[in-house]
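**Student:** This is the structure I want to talk about, given as structure tokens.
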Amino acid sequence: MLNATIMIKKNFLINSFIIFIIFLIDRISKIYVIYLDNKFNSAEIFSSKFLNVYLIWNKGIAFGLFSADNNNFYNFLTIFIFIIILIIVYMIFKSERVKRYALIMILGGALGNLFDRIYYKAVPDFLDFHIGEFHWFIFNFADVFITSGVFFMILIEFIGNNKKREIWKTLKFY
């Protein structure tokens, strides 16, 4: 019993550390880009053949969806995001192994963006990948962690469903 308690505390500390590191990476990158944006008077900070770095303020959710100047709608979105974060925390406690780490990635990124929504009243996005004139949505490192976590969750579900199908195929009676 004592060994299980120690293991739970150890896992909690490791998981919390990973969430903190993701949050820290996101915060440092945003603070630096905001600093450079102020220094260069809102000019493009970096430009290359496939990547531009310049600051935009996103009042919507992922990739600027649902952006609006309506404060009530913005506050509703922020509360909704907070509720989703609580659900993710619950799911982390109920999951294990790889699924837990995918959820931890999502949580770390979501906390970074929630912090910005509360502190700045918008989320600073600055990474602009493009090929020629085709530009992907502008995003930040929190979005990278959220998207990666969601990708791994989908992958885990596909792998899990394939294993279930294989088990059912072997259980067929002829």
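Residues in the structure tokens are numbered from 1 in each chain, the chains being A, B, ... in the order shown, and ligands are numbered from 1 in the order shown.
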Report as a list in words: the residues of range 4-112 of chain A with a DSSP assignment of strand (DSSP E), based on the backbone of this structure.
**Tutor:**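 In range 4-112 of chain A, DSSP puts these residues in strand (DSSP E): Phe46, Ser47, Leu51, Asn52, Val53, Tyr54, Leu55, Ile56, Trp57 and Asn58 of chain A.
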**Student:** Would you list the contacts of Arg100 in chain A as a ChimeraX atom specification, taking every protein, DNA or RNA residue within 10 Å and counting only C-alpha atoms, but skipping same-chain residues closer than 3 positions in sequence?
**Tutor:** /A:15,88-89,91-97,103-106,149,153
**Student:** Deliver the residues from the most recent selection as a file, using C-alpha atoms, as a compact mmCIF listing (two decimals), in the first residue's frame.
**Tutor:**
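Output file part_28.txt is given in full below:
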```txt
# COMPACT_ATOMS: atom_id res chain seq x y z
CA ASN A 15 3.07 14.79 -14.79
CA ILE A 88 -9.07 17.11 -19.34
CA VAL A 89 -7.65 17.10 -15.77
CA MET A 91 -9.40 12.43 -17.88
CA ILE A 92 -5.69 12.56 -16.98
CA PHE A 93 -6.41 11.04 -13.57
CA LYS A 94 -8.51 8.30 -15.21
CA SER A 95 -6.10 7.44 -18.03
CA GLU A 96 -2.76 5.72 -18.10
CA ARG A 97 0.42 5.39 -20.12
CA LEU A 103 -3.75 14.55 -22.46
CA ILE A 104 -0.91 16.20 -20.53
CA MET A 105 0.31 17.81 -23.77
CA ILE A 106 -3.20 19.11 -24.44
CA GLY A 149 -1.78 15.76 -28.07
CA MET A 153 -5.19 10.69 -28.90
```
**Student:** Set out as a tab-separated table a contact list for range 2-72 of chain A and range 124-140 of chain A with a cut-off of 7 Å, giving each residue of range 2-72 of chain A that qualifies its closest atom pair and distance in Å to one decimal, counting only C-alpha atoms, ordered by chain and rising residue number.
**Tutor:**
```
residue	atom	partner	partner_atom	distance
A:Lys30	CA	A:Pro124	CA	6.6
A:Phe50	CA	A:His130	CA	5.0
A:Leu51	CA	A:Phe129	CA	4.6
A:Asn52	CA	A:Asp128	CA	5.0
A:Val53	CA	A:Leu127	CA	5.2
A:Tyr54	CA	A:Phe126	CA	4.9
A:Leu55	CA	A:Phe126	CA	4.6
A:Ile56	CA	A:Asp125	CA	5.4
A:Trp57	CA	A:Pro124	CA	4.8
A:Asn58	CA	A:Pro124	CA	6.2
A:Phe63	CA	A:Phe137	CA	5.5
```
**Student:** Suppose we keep C-alpha atoms; can you now write the selection as a compact mmCIF listing (two decimals), in the first residue's frame?
**Tutor:**
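The file below, out34.txt, is the result:
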```txt
# COMPACT_ATOMS: atom_id res chain seq x y z
CA LYS A 30 5.22 34.46 -26.27
CA PHE A 50 8.58 28.78 -45.35
CA LEU A 51 8.24 30.58 -42.01
CA ASN A 52 7.34 34.09 -40.94
CA VAL A 53 7.22 35.25 -37.34
CA TYR A 54 5.00 38.18 -36.54
CA LEU A 55 2.56 38.85 -33.75
CA ILE A 56 -1.20 38.78 -34.08
CA TRP A 57 -3.70 38.80 -31.21
CA ASN A 58 -6.28 36.01 -31.44
CA PHE A 63 -6.72 29.11 -35.48
```
**Student:** Just want the 12 Å neighbourhood of Thr78 in chain A, counted on only C-alpha atoms, with same-chain residues fewer than 3 positions away dropped. Output as a VMD selection string.
**Tutor:** chain A and resid 59 to 61 66 to 67 71 to 75 81 to 85 110 to 111 113 to 119 121 to 123
**Student:** Could you check the closest approach to Ile22 in chain A for each of A:Ala142, A:Ile159, A:Leu36, A:Ala102 and tell me which residue wins, using only C-alpha atoms?
**Tutor:**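 Checking each candidate against Ile22 in chain A, we get A:Ala142 as the closest.
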**Student:** For the atom pair CA of Phe12 in chain A and CA of Ile28 in chain A, what is the interatomic distance in Å to one decimal place?
**Tutor:**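 Straight-line distance from CA of Phe12 in chain A to CA of Ile28 in chain A works out to 23.9 Å.
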**Student:** Mind the document's chain letters and residue numbers, and return as a PyMOL selection string the residues of range 59-119 of chain A that DSSP labels alpha helix (DSSP H).
**Tutor:** chain A and resi 71-94+97-119
